[in-house]
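Q: Below you'll find data_23.pdb; it's PDB, C-alpha atoms and all ligand atoms.
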```pdb
ATOM      1  CA  MET A   1      10.594 -36.094   9.751  1.00  0.00           C
ATOM      2  CA  ALA A   2       8.274 -35.376   6.810  1.00  0.00           C
ATOM      3  CA  THR A   3       9.535 -35.814   3.266  1.00  0.00           C
ATOM      4  CA  TYR A   4       8.256 -33.082   0.976  1.00  0.00           C
ATOM      5  CA  ARG A   5       8.090 -33.446  -2.767  1.00  0.00           C
ATOM      6  CA  ARG A   6       8.544 -29.742  -3.439  1.00  0.00           C
ATOM      7  CA  PHE A   7       9.329 -26.539  -1.653  1.00  0.00           C
ATOM      8  CA  ILE A   8       7.485 -23.299  -2.274  1.00  0.00           C
ATOM      9  CA  PHE A   9       9.533 -20.238  -1.406  1.00  0.00           C
ATOM     10  CA  VAL A  10       7.471 -17.120  -0.733  1.00  0.00           C
ATOM     11  CA  CYS A  11       9.351 -13.865  -0.405  1.00  0.00           C
ATOM     12  CA  ASN A  12       8.448 -11.946   2.733  1.00  0.00           C
ATOM     13  CA  GLY A  13      10.616  -8.927   2.010  1.00  0.00           C
ATOM     14  CA  SER A  14       9.128  -5.454   2.442  1.00  0.00           C
ATOM     15  CA  ASP A  15       8.099  -4.931  -1.204  1.00  0.00           C
ATOM     16  CA  CYS A  16       6.484  -8.340  -1.413  1.00  0.00           C
ATOM     17  CA  LYS A  17       4.639  -7.645   1.841  1.00  0.00           C
ATOM     18  CA  LYS A  18       3.282  -4.435   0.297  1.00  0.00           C
ATOM     19  CA  LYS A  19       2.089  -6.491  -2.674  1.00  0.00           C
ATOM     20  CA  GLY A  20       0.237  -9.018  -0.552  1.00  0.00           C
ATOM     21  CA  CYS A  21       2.608 -11.921  -0.015  1.00  0.00           C
ATOM     22  CA  LYS A  22       0.962 -12.740   3.324  1.00  0.00           C
ATOM     23  CA  ASN A  23      -2.440 -13.172   1.690  1.00  0.00           C
ATOM     24  CA  LEU A  24      -0.883 -15.149  -1.136  1.00  0.00           C
ATOM     25  CA  GLN A  25       0.840 -17.411   1.346  1.00  0.00           C
ATOM     26  CA  GLY A  26      -2.508 -18.095   3.043  1.00  0.00           C
ATOM     27  CA  GLU A  27      -4.107 -18.829  -0.316  1.00  0.00           C
ATOM     28  CA  ILE A  28      -1.305 -21.272  -1.143  1.00  0.00           C
ATOM     29  CA  LYS A  29      -1.831 -23.043   2.178  1.00  0.00           C
ATOM     30  CA  ASN A  30      -5.555 -23.356   1.508  1.00  0.00           C
ATOM     31  CA  LEU A  31      -4.921 -24.561  -2.029  1.00  0.00           C
ATOM     32  CA  ILE A  32      -2.545 -27.244  -0.832  1.00  0.00           C
ATOM     33  CA  LYS A  33      -5.118 -28.439   1.700  1.00  0.00           C
ATOM     34  CA  SER A  34      -8.036 -28.304  -0.732  1.00  0.00           C
ATOM     35  CA  GLU A  35      -6.157 -30.046  -3.512  1.00  0.00           C
ATOM     36  CA  ASN A  36      -5.112 -32.789  -1.146  1.00  0.00           C
ATOM     37  CA  TYR A  37      -1.440 -31.925  -1.483  1.00  0.00           C
ATOM     38  CA  LYS A  38      -0.968 -31.741   2.253  1.00  0.00           C
ATOM     39  CA  GLY A  39       2.419 -33.065   3.291  1.00  0.00           C
ATOM     40  CA  LYS A  40       3.787 -32.932  -0.241  1.00  0.00           C
ATOM     41  CA  PHE A  41       4.665 -29.253  -0.253  1.00  0.00           C
ATOM     42  CA  LYS A  42       6.486 -27.147   2.255  1.00  0.00           C
ATOM     43  CA  ILE A  43       6.048 -23.383   2.220  1.00  0.00           C
ATOM     44  CA  ILE A  44       9.179 -21.509   3.198  1.00  0.00           C
ATOM     45  CA  LYS A  45       9.160 -17.793   3.903  1.00  0.00           C
ATOM     46  CA  THR A  46      12.265 -16.056   2.619  1.00  0.00           C
ATOM     47  CA  LYS A  47      13.869 -12.686   2.923  1.00  0.00           C
ATOM     48  CA  CYS A  48      14.120 -10.407  -0.107  1.00  0.00           C
ATOM     49  CA  MET A  49      15.295 -12.292  -3.211  1.00  0.00           C
ATOM     50  CA  ASP A  50      16.222  -9.123  -5.148  1.00  0.00           C
ATOM     51  CA  PHE A  51      13.339  -9.184  -7.627  1.00  0.00           C
ATOM     52  CA  CYS A  52      11.434  -6.483  -5.759  1.00  0.00           C
ATOM     53  CA  LYS A  53       9.998  -4.851  -8.881  1.00  0.00           C
ATOM     54  CA  SER A  54       8.312  -8.179  -9.633  1.00  0.00           C
ATOM     55  CA  ALA A  55       6.652  -8.573  -6.240  1.00  0.00           C
ATOM     56  CA  PRO A  56       5.076 -10.723  -4.987  1.00  0.00           C
ATOM     57  CA  LEU A  57       7.745 -13.278  -5.754  1.00  0.00           C
ATOM     58  CA  VAL A  58       7.383 -17.044  -5.402  1.00  0.00           C
ATOM     59  CA  VAL A  59       9.820 -19.797  -6.360  1.00  0.00           C
ATOM     60  CA  ILE A  60       8.520 -23.304  -7.029  1.00  0.00           C
ATOM     61  CA  ASN A  61      10.717 -26.126  -8.246  1.00  0.00           C
ATOM     62  CA  ASN A  62      13.551 -23.707  -9.086  1.00  0.00           C
ATOM     63  CA  GLU A  63      11.205 -21.611 -11.225  1.00  0.00           C
ATOM     64  CA  VAL A  64      10.791 -17.936 -10.357  1.00  0.00           C
ATOM     65  CA  LEU A  65       7.200 -16.683 -10.527  1.00  0.00           C
ATOM     66  CA  LYS A  66       7.176 -12.908 -10.854  1.00  0.00           C
ATOM     67  CA  ARG A  67       4.032 -11.017  -9.813  1.00  0.00           C
ATOM     68  CA  ALA A  68       2.801 -14.393  -8.694  1.00  0.00           C
ATOM     69  CA  ASP A  69      -0.853 -15.096  -8.172  1.00  0.00           C
ATOM     70  CA  LEU A  70      -2.756 -18.194  -7.214  1.00  0.00           C
ATOM     71  CA  THR A  71      -3.448 -19.152 -10.836  1.00  0.00           C
ATOM     72  CA  ASP A  72       0.289 -19.199 -11.640  1.00  0.00           C
ATOM     73  CA  ILE A  73       0.964 -21.286  -8.579  1.00  0.00           C
ATOM     74  CA  GLN A  74      -1.814 -23.784  -9.322  1.00  0.00           C
ATOM     75  CA  LYS A  75      -0.233 -24.486 -12.699  1.00  0.00           C
ATOM     76  CA  LYS A  76       3.049 -25.412 -11.005  1.00  0.00           C
ATOM     77  CA  LEU A  77       1.668 -27.795  -8.395  1.00  0.00           C
TER      78      LEU A  77
HETATM   79  S1  LIG B   1      10.939  -7.906  -1.313  1.00  0.00           S
HETATM   80 FE1  LIG B   1      10.450  -9.718  -2.376  1.00  0.00          FE
HETATM   81  S2  LIG B   1      11.982  -9.783  -3.887  1.00  0.00           S
HETATM   82 FE2  LIG B   1      12.526  -8.074  -2.705  1.00  0.00          FE
END
```
What would the structure in this file look like if it were written as structure tokens?

A:
Amino acid sequence: MATYRRFIFVCNGSDCKKKGCKNLQGEIKNLIKSENYKGKFKIIKTKCMDFCKSAPLVVINNEVLKRADLTDIQKKL
């Protein structure tokens, strides 16, 4: 079983889907591969986390990223 250093929670609730969480999730995957972080991070899709007005929502290392984009996420890796 793999041991991950961090977990990245990506909301897949309906509002986050409307705001592009699927694309963001793909970008995160590519970033992790390109930055050679493969195996150190695990992306977990979640249901709505009740911050819908701040979609798309990502949580990294217990930090909530509201209206998350790839730049925000890169800073947290
Ligand atoms: S749909 Fe993502 S926080 Fe509600």

Q: Could you tell me which residues the PyMOL selection byres (((not hetatm)) within 8 of (chain B and resi 1)) grabs in this file, written as a list of chain:residue names?

A: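 Applied to this file, the PyMOL selection byres (((not hetatm)) within 8 of (chain B and resi 1)) selects A:Cys11, A:Asn12, A:Gly13, A:Ser14, A:Asp15, A:Cys16, A:Lys17, A:Lys47, A:Cys48, A:Met49, A:Asp50, A:Phe51, A:Cys52, A:Lys53, A:Ser54, A:Ala55, A:Pro56, A:Leu57.
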
Q: Go ahead and dump the residues you just picked, C-alpha atoms, as a short mmCIF file (atom, residue, chain, number, x, y, z; two decimals), in the coordinates of the input.

A:
```cif
data_model
loop_
_atom_site.label_atom_id
_atom_site.label_comp_id
_atom_site.auth_asym_id
_atom_site.auth_seq_id
_atom_site.Cartn_x
_atom_site.Cartn_y
_atom_site.Cartn_z
CA CYS A 11 9.35 -13.86 -0.40
CA ASN A 12 8.45 -11.95 2.73
CA GLY A 13 10.62 -8.93 2.01
CA SER A 14 9.13 -5.45 2.44
CA ASP A 15 8.10 -4.93 -1.20
CA CYS A 16 6.48 -8.34 -1.41
CA LYS A 17 4.64 -7.64 1.84
CA LYS A 47 13.87 -12.69 2.92
CA CYS A 48 14.12 -10.41 -0.11
CA MET A 49 15.30 -12.29 -3.21
CA ASP A 50 16.22 -9.12 -5.15
CA PHE A 51 13.34 -9.18 -7.63
CA CYS A 52 11.43 -6.48 -5.76
CA LYS A 53 10.00 -4.85 -8.88
CA SER A 54 8.31 -8.18 -9.63
CA ALA A 55 6.65 -8.57 -6.24
CA PRO A 56 5.08 -10.72 -4.99
CA LEU A 57 7.74 -13.28 -5.75
#
```

Q: Just checking: using all atoms listed in the file, which residue out of A:Gln74, A:Thr46, A:Phe7, A:Lys19 ends up closest to Ser34 of chain A?

A: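 Looking only at the distances to Ser34 of chain A, the closest residue turns out to be A:Gln74.
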
Q: Which residue out of A:Val58, A:Lys42, A:Arg6, A:Cys21 has the minimum interatomic distance to Leu77 of chain A when only C-alpha atoms are used?

A: A:Arg6

Q: Could you work out an axis-aligned box for segment 26-38 of chain A, taking every atom the file lists and adding 8 Å on each side, and report centre and edge lengths in Å to one decimal, as AutoDock Vina command-line options?

A:
```
--center_x -4.5 --center_y -25.4 --center_z -0.2 --size_x 23.1 --size_y 30.7 --size_z 22.6
```

Q: Looking at only C-alpha atoms, which of A:Glu63, A:Thr3, A:Asp69, A:Lys40 is the one that sits closest to Gly26 of chain A?

A: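 Among the listed residues, A:Asp69 lies closest to Gly26 of chain A.
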
Q: If you count all atoms listed in the file, which residues fall within 12 Å of Ile28 of chain A, apart from same-chain ones fewer than 5 positions away, as a list of chain:residue names?

A: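 Neighbouring residues, sequence-local ones excluded: A:Phe7, A:Ile8, A:Phe9, A:Val10, A:Cys21, A:Lys22, A:Asn23, A:Lys33, A:Ser34, A:Glu35, A:Tyr37, A:Lys38, A:Phe41, A:Lys42, A:Ile43, A:Ile44, A:Val58, A:Ile60, A:Ala68, A:Asp69, A:Leu70, A:Thr71, A:Asp72, A:Ile73, A:Gln74, A:Lys76, A:Leu77.
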
Q: The selected residues should be written to file as a PDB file, in the coordinates of the input (atoms: C-alpha atoms).

A:
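The result, written out as out25.pdb:
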```pdb
ATOM      1  CA  PHE A   7       9.329 -26.539  -1.653  1.00  0.00           C
ATOM      2  CA  ILE A   8       7.485 -23.299  -2.274  1.00  0.00           C
ATOM      3  CA  PHE A   9       9.533 -20.238  -1.406  1.00  0.00           C
ATOM      4  CA  VAL A  10       7.471 -17.120  -0.733  1.00  0.00           C
ATOM      5  CA  CYS A  21       2.608 -11.921  -0.015  1.00  0.00           C
ATOM      6  CA  LYS A  22       0.962 -12.740   3.324  1.00  0.00           C
ATOM      7  CA  ASN A  23      -2.440 -13.172   1.690  1.00  0.00           C
ATOM      8  CA  LYS A  33      -5.118 -28.439   1.700  1.00  0.00           C
ATOM      9  CA  SER A  34      -8.036 -28.304  -0.732  1.00  0.00           C
ATOM     10  CA  GLU A  35      -6.157 -30.046  -3.512  1.00  0.00           C
ATOM     11  CA  TYR A  37      -1.440 -31.925  -1.483  1.00  0.00           C
ATOM     12  CA  LYS A  38      -0.968 -31.741   2.253  1.00  0.00           C
ATOM     13  CA  PHE A  41       4.665 -29.253  -0.253  1.00  0.00           C
ATOM     14  CA  LYS A  42       6.486 -27.147   2.255  1.00  0.00           C
ATOM     15  CA  ILE A  43       6.048 -23.383   2.220  1.00  0.00           C
ATOM     16  CA  ILE A  44       9.179 -21.509   3.198  1.00  0.00           C
ATOM     17  CA  VAL A  58       7.383 -17.044  -5.402  1.00  0.00           C
ATOM     18  CA  ILE A  60       8.520 -23.304  -7.029  1.00  0.00           C
ATOM     19  CA  ALA A  68       2.801 -14.393  -8.694  1.00  0.00           C
ATOM     20  CA  ASP A  69      -0.853 -15.096  -8.172  1.00  0.00           C
ATOM     21  CA  LEU A  70      -2.756 -18.194  -7.214  1.00  0.00           C
ATOM     22  CA  THR A  71      -3.448 -19.152 -10.836  1.00  0.00           C
ATOM     23  CA  ASP A  72       0.289 -19.199 -11.640  1.00  0.00           C
ATOM     24  CA  ILE A  73       0.964 -21.286  -8.579  1.00  0.00           C
ATOM     25  CA  GLN A  74      -1.814 -23.784  -9.322  1.00  0.00           C
ATOM     26  CA  LYS A  76       3.049 -25.412 -11.005  1.00  0.00           C
ATOM     27  CA  LEU A  77       1.668 -27.795  -8.395  1.00  0.00           C
TER      28      LEU A  77
END
```

Q: Tell me, in Å to one decimal, how far atom CA of Lys45 of chain A is from atom CA of Asn30 of chain A.

A: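 Here the two named atoms are 15.9 Å from each other.
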
Q: Just segment 35-68 of chain A from the block, N, CA and C atoms, as a short mmCIF file (atom, residue, chain, number, x, y, z; two decimals), in the first residue's frame, could you?

A:
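Written output follows (part33.cif):
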```cif
data_model
loop_
_atom_site.label_atom_id
_atom_site.label_comp_id
_atom_site.auth_asym_id
_atom_site.auth_seq_id
_atom_site.Cartn_x
_atom_site.Cartn_y
_atom_site.Cartn_z
N GLU A 35 5.73 17.79 -11.82
CA GLU A 35 6.62 18.26 -10.76
C GLU A 35 7.28 17.11 -10.02
N ASN A 36 7.11 15.93 -10.55
CA ASN A 36 7.72 14.75 -9.95
C ASN A 36 7.25 14.48 -8.53
N TYR A 37 6.00 14.78 -8.27
CA TYR A 37 5.40 14.51 -6.97
C TYR A 37 4.61 13.21 -6.96
N LYS A 38 4.73 12.47 -8.04
CA LYS A 38 3.93 11.26 -8.17
C LYS A 38 4.15 10.33 -6.97
N GLY A 39 3.07 9.85 -6.42
CA GLY A 39 3.16 8.94 -5.28
C GLY A 39 3.21 9.64 -3.94
N LYS A 40 3.39 10.95 -3.96
CA LYS A 40 3.46 11.70 -2.70
C LYS A 40 2.13 12.35 -2.36
N PHE A 41 1.28 12.49 -3.36
CA PHE A 41 -0.01 13.12 -3.15
C PHE A 41 -1.11 12.21 -3.64
N LYS A 42 -2.19 12.21 -2.92
CA LYS A 42 -3.36 11.44 -3.31
C LYS A 42 -4.52 12.41 -3.48
N ILE A 43 -5.13 12.40 -4.64
CA ILE A 43 -6.29 13.24 -4.89
C ILE A 43 -7.53 12.47 -4.50
N ILE A 44 -8.35 13.09 -3.69
CA ILE A 44 -9.60 12.45 -3.24
C ILE A 44 -10.77 13.35 -3.62
N LYS A 45 -11.69 12.77 -4.38
CA LYS A 45 -12.90 13.50 -4.75
C LYS A 45 -13.87 13.45 -3.58
N THR A 46 -14.46 14.57 -3.26
CA THR A 46 -15.41 14.60 -2.14
C THR A 46 -16.78 15.04 -2.63
N LYS A 47 -17.73 14.86 -1.76
CA LYS A 47 -19.06 15.43 -1.99
C LYS A 47 -18.99 16.89 -1.55
N CYS A 48 -20.11 17.58 -1.64
CA CYS A 48 -20.18 18.99 -1.27
C CYS A 48 -19.65 19.20 0.15
N MET A 49 -18.79 20.22 0.31
CA MET A 49 -18.23 20.54 1.62
C MET A 49 -18.84 21.82 2.21
N ASP A 50 -19.96 22.24 1.66
CA ASP A 50 -20.73 23.38 2.18
C ASP A 50 -20.02 24.73 2.09
N PHE A 51 -19.18 24.89 1.08
CA PHE A 51 -18.61 26.20 0.77
C PHE A 51 -18.94 26.54 -0.69
N CYS A 52 -20.16 26.23 -1.08
CA CYS A 52 -20.54 26.26 -2.50
C CYS A 52 -20.33 27.64 -3.15
N LYS A 53 -20.51 28.69 -2.39
CA LYS A 53 -20.32 30.03 -2.97
C LYS A 53 -18.86 30.30 -3.29
N SER A 54 -17.97 29.46 -2.78
CA SER A 54 -16.53 29.63 -3.01
C SER A 54 -15.99 28.57 -3.96
N ALA A 55 -16.86 28.00 -4.76
CA ALA A 55 -16.44 26.94 -5.70
C ALA A 55 -15.50 27.48 -6.76
N PRO A 56 -14.56 26.67 -7.26
CA PRO A 56 -14.29 25.30 -6.86
C PRO A 56 -13.46 25.25 -5.57
N LEU A 57 -13.77 24.27 -4.76
CA LEU A 57 -13.16 24.17 -3.44
C LEU A 57 -12.18 23.00 -3.38
N VAL A 58 -11.00 23.30 -2.84
CA VAL A 58 -9.95 22.29 -2.67
C VAL A 58 -9.42 22.41 -1.25
N VAL A 59 -9.12 21.29 -0.63
CA VAL A 59 -8.49 21.29 0.69
C VAL A 59 -7.16 20.55 0.59
N ILE A 60 -6.10 21.24 0.98
CA ILE A 60 -4.76 20.63 1.00
C ILE A 60 -4.17 20.85 2.38
N ASN A 61 -3.72 19.79 3.00
CA ASN A 61 -3.06 19.89 4.29
C ASN A 61 -3.90 20.67 5.30
N ASN A 62 -5.17 20.35 5.35
CA ASN A 62 -6.14 20.98 6.26
C ASN A 62 -6.37 22.46 5.97
N GLU A 63 -5.95 22.94 4.83
CA GLU A 63 -6.17 24.33 4.46
C GLU A 63 -7.21 24.39 3.34
N VAL A 64 -8.25 25.19 3.55
CA VAL A 64 -9.31 25.32 2.56
C VAL A 64 -8.92 26.36 1.53
N LEU A 65 -8.93 25.97 0.26
CA LEU A 65 -8.65 26.91 -0.83
C LEU A 65 -9.96 27.22 -1.53
N LYS A 66 -10.44 28.45 -1.32
CA LYS A 66 -11.69 28.87 -1.94
C LYS A 66 -11.40 29.44 -3.31
N ARG A 67 -12.33 29.19 -4.26
CA ARG A 67 -12.13 29.59 -5.66
C ARG A 67 -10.73 29.19 -6.11
N ALA A 68 -10.43 27.94 -5.84
CA ALA A 68 -9.07 27.43 -6.08
C ALA A 68 -8.72 27.44 -7.56
#
```
